[in-house]
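Data block below; observations after.
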Amino acid sequence: MEANPRWVALTAVAPVAWGANYFVTHEFLPADRPLYGAALRALPAGLLLLAVRRRLPRGAWWWRSAVLGLLNMSVFFVLVYAASQLLPTSVASTVMAVAPLTMMLMAWPLVSERPRPAHLAGAAIGLGGVCLMLLSGVGKVSLPGILASAAAMLVSSFGYILAKRWSTGVDVLASTAWQLTAGGMFLLPVAAAVEGRPPALSGQSLLAFAYVTLIATALAFVAWFTGLRHLPTGTVGLIGLLNPVTGVVLGTVVAKEVLTVQQLGGLVLVLAGVVLGRPRRAAGGGAVRRPGPGVPSEASVSDRSNGAGVRCG
């Protein structure tokens, strides 16, 4: 498996964009319209990618797109929107940092990826940093907000592992477009039934939605799913720790949320976890990795990497 800085840097685009998305949603989008907020995030991004990669699903990908769209886009986006409105930016993004450990444990049975000790150690250190940041006296936090953020983490972790398992032979732009479009189409009728007419948006809100749709969704998910194909799940999960780092930095610098010494220590631990779990390079430049049962060898993955889709374990 190719695990070089190029894929790490590309994958990092996603959690940084998502960390900023918490701030944008909290500050500029209507707080009482999570269903419309999620639908307006998913559907335009999906249609945009579909226009770029004009390809419809075939065979099993019709129902797979529906399943992944429901998990990764519909349910996840609604939960993230609710968490962004109920919690401070720093706290909302920090809860998602439990995802690396969750993804590693799910990847073991689902895609036969046995987590490396360095990945587990990095996840544990990052989780310790998360605990420091959450228990740092930031004030009373919303229990529904914490539950929404935790549920979003579980749903998305499972959806990302399924996307990795089903990625063989499918173009990443096309599959991302199908998921986003399906997710948006699920959400629109539900939003109309529950929330009534679409919200009236100011110019500031429209600009915020433009960021959410183009950067935090279309670009971020293409980068994330590409990373899942070219990097071990443990590495991708640890890169995801940049999500809470971005959220905390924006929360303190822009939203004027107070950053305590304890939170700063937590940030250092989170970053240490990312560094510890980074892909190791062999002397010849290749990634050091021991395939588990059912995981393709480096040679077989390299052979398939010239095709439209790659299944990297």
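Residue names in the structure tokens use chain letters A, B, ... in the order shown, residue numbers from 1 in each chain, and ligand numbers from 1 in the order shown.
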
Pick out the residues sitting within 8 Å of Ala38 (chain A), and hand them over as a PDB file with C-alpha atoms, in the first residue's frame; count only C-alpha atoms, and ignore anything fewer than 3 positions along from it in its own chain.
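And here's selection_35.pdb as it stands now:
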ATOM      1  CA  PRO A  34     -31.051  21.004  11.109  1.00  0.00           C
ATOM      2  CA  LEU A  35     -32.884  18.968   8.447  1.00  0.00           C
ATOM      3  CA  ARG A  41     -25.250  20.785   2.487  1.00  0.00           C
ATOM      4  CA  ALA A  42     -25.565  17.370   0.825  1.00  0.00           C
ATOM      5  CA  MET A  73     -24.641  12.132   4.667  1.00  0.00           C
ATOM      6  CA  SER A  74     -28.281  12.170   5.881  1.00  0.00           C
ATOM      7  CA  PHE A  77     -25.120  15.739   8.656  1.00  0.00           C
ATOM      8  CA  VAL A  78     -28.250  16.203  10.790  1.00  0.00           C
ATOM      9  CA  TYR A  81     -25.638  20.276  12.515  1.00  0.00           C
ATOM     10  CA  GLY A 184     -29.812  14.990   0.075  1.00  0.00           C
ATOM     11  CA  LEU A 187     -33.472  14.640   3.605  1.00  0.00           C
TER      12      LEU A 187
END

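Among A:Leu276, A:Ala51, A:Val236, A:Ala151, the residue with the shortest atom-to-atom distance to Ala174 (chain A), counting only C-alpha atoms, is A:Ala51.
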
So that I can check the surroundings of region 216-229 of chain A, please list as a PDB file with N, CA and C atoms, in the first residue's frame every protein, DNA and RNA residue that reaches within 9 Å of it, counting only C-alpha atoms and ignoring chain neighbours fewer than 5 positions away.
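Saved to part_31.pdb:
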ATOM      1  N   TRP A   7      -0.618  11.470   0.194  1.00  0.00           N
ATOM      2  CA  TRP A   7      -1.946  11.016   0.591  1.00  0.00           C
ATOM      3  C   TRP A   7      -2.323  11.542   1.972  1.00  0.00           C
ATOM      4  N   VAL A   8      -1.352  11.634   2.860  1.00  0.00           N
ATOM      5  CA  VAL A   8      -1.615  12.176   4.192  1.00  0.00           C
ATOM      6  C   VAL A   8      -2.064  13.632   4.093  1.00  0.00           C
ATOM      7  N   LEU A  10      -3.379  15.199   1.487  1.00  0.00           N
ATOM      8  CA  LEU A  10      -4.685  15.299   0.838  1.00  0.00           C
ATOM      9  C   LEU A  10      -5.791  14.929   1.817  1.00  0.00           C
ATOM     10  N   THR A  11      -5.600  13.848   2.568  1.00  0.00           N
ATOM     11  CA  THR A  11      -6.615  13.412   3.522  1.00  0.00           C
ATOM     12  C   THR A  11      -6.838  14.455   4.606  1.00  0.00           C
ATOM     13  N   ALA A  12      -5.769  15.157   4.998  1.00  0.00           N
ATOM     14  CA  ALA A  12      -5.870  16.153   6.066  1.00  0.00           C
ATOM     15  C   ALA A  12      -6.774  17.324   5.692  1.00  0.00           C
ATOM     16  N   VAL A  13      -7.009  17.532   4.401  1.00  0.00           N
ATOM     17  CA  VAL A  13      -7.916  18.603   3.976  1.00  0.00           C
ATOM     18  C   VAL A  13      -9.289  18.420   4.615  1.00  0.00           C
ATOM     19  N   ALA A  14      -9.738  17.156   4.705  1.00  0.00           N
ATOM     20  CA  ALA A  14     -11.092  16.882   5.193  1.00  0.00           C
ATOM     21  C   ALA A  14     -11.289  17.274   6.655  1.00  0.00           C
ATOM     22  N   PRO A  15     -10.504  16.750   7.608  1.00  0.00           N
ATOM     23  CA  PRO A  15     -10.764  17.124   9.002  1.00  0.00           C
ATOM     24  C   PRO A  15     -10.553  18.608   9.298  1.00  0.00           C
ATOM     25  N   VAL A  16      -9.627  19.253   8.583  1.00  0.00           N
ATOM     26  CA  VAL A  16      -9.448  20.695   8.784  1.00  0.00           C
ATOM     27  C   VAL A  16     -10.701  21.435   8.316  1.00  0.00           C
ATOM     28  N   ALA A  17     -11.227  21.051   7.160  1.00  0.00           N
ATOM     29  CA  ALA A  17     -12.456  21.685   6.654  1.00  0.00           C
ATOM     30  C   ALA A  17     -13.633  21.412   7.574  1.00  0.00           C
ATOM     31  N   TRP A  18     -13.720  20.191   8.108  1.00  0.00           N
ATOM     32  CA  TRP A  18     -14.816  19.849   9.011  1.00  0.00           C
ATOM     33  C   TRP A  18     -14.705  20.577  10.344  1.00  0.00           C
ATOM     34  N   GLY A  19     -13.475  20.748  10.836  1.00  0.00           N
ATOM     35  CA  GLY A  19     -13.301  21.508  12.067  1.00  0.00           C
ATOM     36  C   GLY A  19     -13.783  22.937  11.915  1.00  0.00           C
ATOM     37  N   ALA A  20     -13.491  23.550  10.751  1.00  0.00           N
ATOM     38  CA  ALA A  20     -13.980  24.899  10.481  1.00  0.00           C
ATOM     39  C   ALA A  20     -15.489  24.915  10.277  1.00  0.00           C
ATOM     40  N   ASN A  21     -16.039  23.812   9.784  1.00  0.00           N
ATOM     41  CA  ASN A  21     -17.471  23.743   9.527  1.00  0.00           C
ATOM     42  C   ASN A  21     -18.289  23.903  10.808  1.00  0.00           C
ATOM     43  N   ARG A  41     -26.672  21.116   2.520  1.00  0.00           N
ATOM     44  CA  ARG A  41     -25.250  20.785   2.487  1.00  0.00           C
ATOM     45  C   ARG A  41     -24.989  19.626   1.534  1.00  0.00           C
ATOM     46  N   ALA A  42     -25.833  18.606   1.566  1.00  0.00           N
ATOM     47  CA  ALA A  42     -25.565  17.370   0.825  1.00  0.00           C
ATOM     48  C   ALA A  42     -25.938  17.455  -0.651  1.00  0.00           C
ATOM     49  N   PRO A  44     -26.682  19.923  -3.043  1.00  0.00           N
ATOM     50  CA  PRO A  44     -25.915  20.716  -4.017  1.00  0.00           C
ATOM     51  C   PRO A  44     -24.506  20.169  -4.243  1.00  0.00           C
ATOM     52  N   ALA A  45     -23.863  19.694  -3.182  1.00  0.00           N
ATOM     53  CA  ALA A  45     -22.521  19.127  -3.342  1.00  0.00           C
ATOM     54  C   ALA A  45     -22.561  17.871  -4.191  1.00  0.00           C
ATOM     55  N   GLY A  46     -23.571  17.027  -3.966  1.00  0.00           N
ATOM     56  CA  GLY A  46     -23.692  15.811  -4.762  1.00  0.00           C
ATOM     57  C   GLY A  46     -23.950  16.099  -6.226  1.00  0.00           C
ATOM     58  N   LEU A  48     -23.162  18.801  -7.828  1.00  0.00           N
ATOM     59  CA  LEU A  48     -21.957  19.397  -8.399  1.00  0.00           C
ATOM     60  C   LEU A  48     -20.954  18.318  -8.807  1.00  0.00           C
ATOM     61  N   LEU A  49     -20.705  17.364  -7.918  1.00  0.00           N
ATOM     62  CA  LEU A  49     -19.771  16.285  -8.246  1.00  0.00           C
ATOM     63  C   LEU A  49     -20.317  15.399  -9.359  1.00  0.00           C
ATOM     64  N   TYR A 160     -17.954   5.044   6.995  1.00  0.00           N
ATOM     65  CA  TYR A 160     -16.666   5.162   6.308  1.00  0.00           C
ATOM     66  C   TYR A 160     -16.025   3.790   6.087  1.00  0.00           C
ATOM     67  N   ILE A 161     -16.165   2.903   7.070  1.00  0.00           N
ATOM     68  CA  ILE A 161     -15.607   1.560   6.900  1.00  0.00           C
ATOM     69  C   ILE A 161     -16.355   0.802   5.803  1.00  0.00           C
ATOM     70  N   ALA A 163     -17.788   2.209   3.235  1.00  0.00           N
ATOM     71  CA  ALA A 163     -17.335   2.827   1.978  1.00  0.00           C
ATOM     72  C   ALA A 163     -15.987   2.261   1.567  1.00  0.00           C
ATOM     73  N   LYS A 164     -15.106   2.042   2.517  1.00  0.00           N
ATOM     74  CA  LYS A 164     -13.795   1.464   2.214  1.00  0.00           C
ATOM     75  C   LYS A 164     -13.940   0.030   1.717  1.00  0.00           C
ATOM     76  N   SER A 167     -15.256  -0.132  -1.964  1.00  0.00           N
ATOM     77  CA  SER A 167     -14.662   0.826  -2.904  1.00  0.00           C
ATOM     78  C   SER A 167     -14.016   0.196  -4.131  1.00  0.00           C
ATOM     79  N   THR A 168     -13.899  -1.129  -4.180  1.00  0.00           N
ATOM     80  CA  THR A 168     -13.202  -1.768  -5.286  1.00  0.00           C
ATOM     81  C   THR A 168     -13.834  -1.422  -6.633  1.00  0.00           C
ATOM     82  N   VAL A 172     -13.769   7.391  -7.179  1.00  0.00           N
ATOM     83  CA  VAL A 172     -14.058   8.044  -5.907  1.00  0.00           C
ATOM     84  C   VAL A 172     -14.957   9.264  -6.078  1.00  0.00           C
ATOM     85  N   LEU A 173     -14.777  10.038  -7.162  1.00  0.00           N
ATOM     86  CA  LEU A 173     -15.654  11.187  -7.391  1.00  0.00           C
ATOM     87  C   LEU A 173     -17.095  10.741  -7.618  1.00  0.00           C
ATOM     88  N   THR A 176     -18.689   9.331  -4.333  1.00  0.00           N
ATOM     89  CA  THR A 176     -18.987  10.424  -3.406  1.00  0.00           C
ATOM     90  C   THR A 176     -20.208  11.200  -3.879  1.00  0.00           C
ATOM     91  N   ALA A 177     -20.297  11.440  -5.191  1.00  0.00           N
ATOM     92  CA  ALA A 177     -21.454  12.148  -5.745  1.00  0.00           C
ATOM     93  C   ALA A 177     -22.743  11.375  -5.486  1.00  0.00           C
ATOM     94  N   LEU A 180     -23.731  11.669  -1.700  1.00  0.00           N
ATOM     95  CA  LEU A 180     -24.238  12.988  -1.354  1.00  0.00           C
ATOM     96  C   LEU A 180     -25.611  13.241  -1.958  1.00  0.00           C
ATOM     97  N   TYR A 211     -19.513  27.799   1.612  1.00  0.00           N
ATOM     98  CA  TYR A 211     -18.344  27.132   2.218  1.00  0.00           C
ATOM     99  C   TYR A 211     -18.682  25.702   2.616  1.00  0.00           C
ATOM    100  N   THR A 235      -4.423   5.081  10.143  1.00  0.00           N
ATOM    101  CA  THR A 235      -3.776   6.344   9.791  1.00  0.00           C
ATOM    102  C   THR A 235      -4.807   7.410   9.456  1.00  0.00           C
ATOM    103  N   VAL A 236      -5.822   7.039   8.677  1.00  0.00           N
ATOM    104  CA  VAL A 236      -6.863   8.004   8.312  1.00  0.00           C
ATOM    105  C   VAL A 236      -7.592   8.490   9.559  1.00  0.00           C
ATOM    106  N   GLY A 309     -10.842   2.346  -9.267  1.00  0.00           N
ATOM    107  CA  GLY A 309     -11.018   2.225  -7.830  1.00  0.00           C
ATOM    108  C   GLY A 309      -9.961   1.343  -7.239  1.00  0.00           C
ATOM    109  N   VAL A 310      -9.635   1.556  -5.969  1.00  0.00           N
ATOM    110  CA  VAL A 310      -8.598   0.796  -5.290  1.00  0.00           C
ATOM    111  C   VAL A 310      -9.150   0.331  -3.965  1.00  0.00           C
ATOM    112  N   ARG A 311      -8.938  -0.930  -3.614  1.00  0.00           N
ATOM    113  CA  ARG A 311      -9.281  -1.392  -2.282  1.00  0.00           C
ATOM    114  C   ARG A 311      -7.998  -1.579  -1.512  1.00  0.00           C
ATOM    115  N   CYS A 312      -7.698  -0.648  -0.652  1.00  0.00           N
ATOM    116  CA  CYS A 312      -6.481  -0.731   0.147  1.00  0.00           C
ATOM    117  C   CYS A 312      -6.829  -1.137   1.552  1.00  0.00           C
ATOM    118  N   GLY A 313      -6.209  -2.164   2.036  1.00  0.00           N
ATOM    119  CA  GLY A 313      -6.533  -2.639   3.383  1.00  0.00           C
ATOM    120  C   GLY A 313      -5.589  -2.108   4.392  1.00  0.00           C
TER     121      GLY A 313
END

At a cut-off of 10 Å, using only C-alpha atoms, what residues contact Val24 (chain A)? Leave out same-chain residues fewer than 4 positions from it and give the result as a PyMOL selection string. chain A and resi 18-20+28-29+84+89+205+207-209+211-212+250

Students should find that CA of His119 (chain A) and CA of Leu238 (chain A) are spaced 7.6 Å

Find the distance between CA of Val170 (chain A) and CA of Gly59 (chain A) and write it in Å to one decimal. 11.7 Å
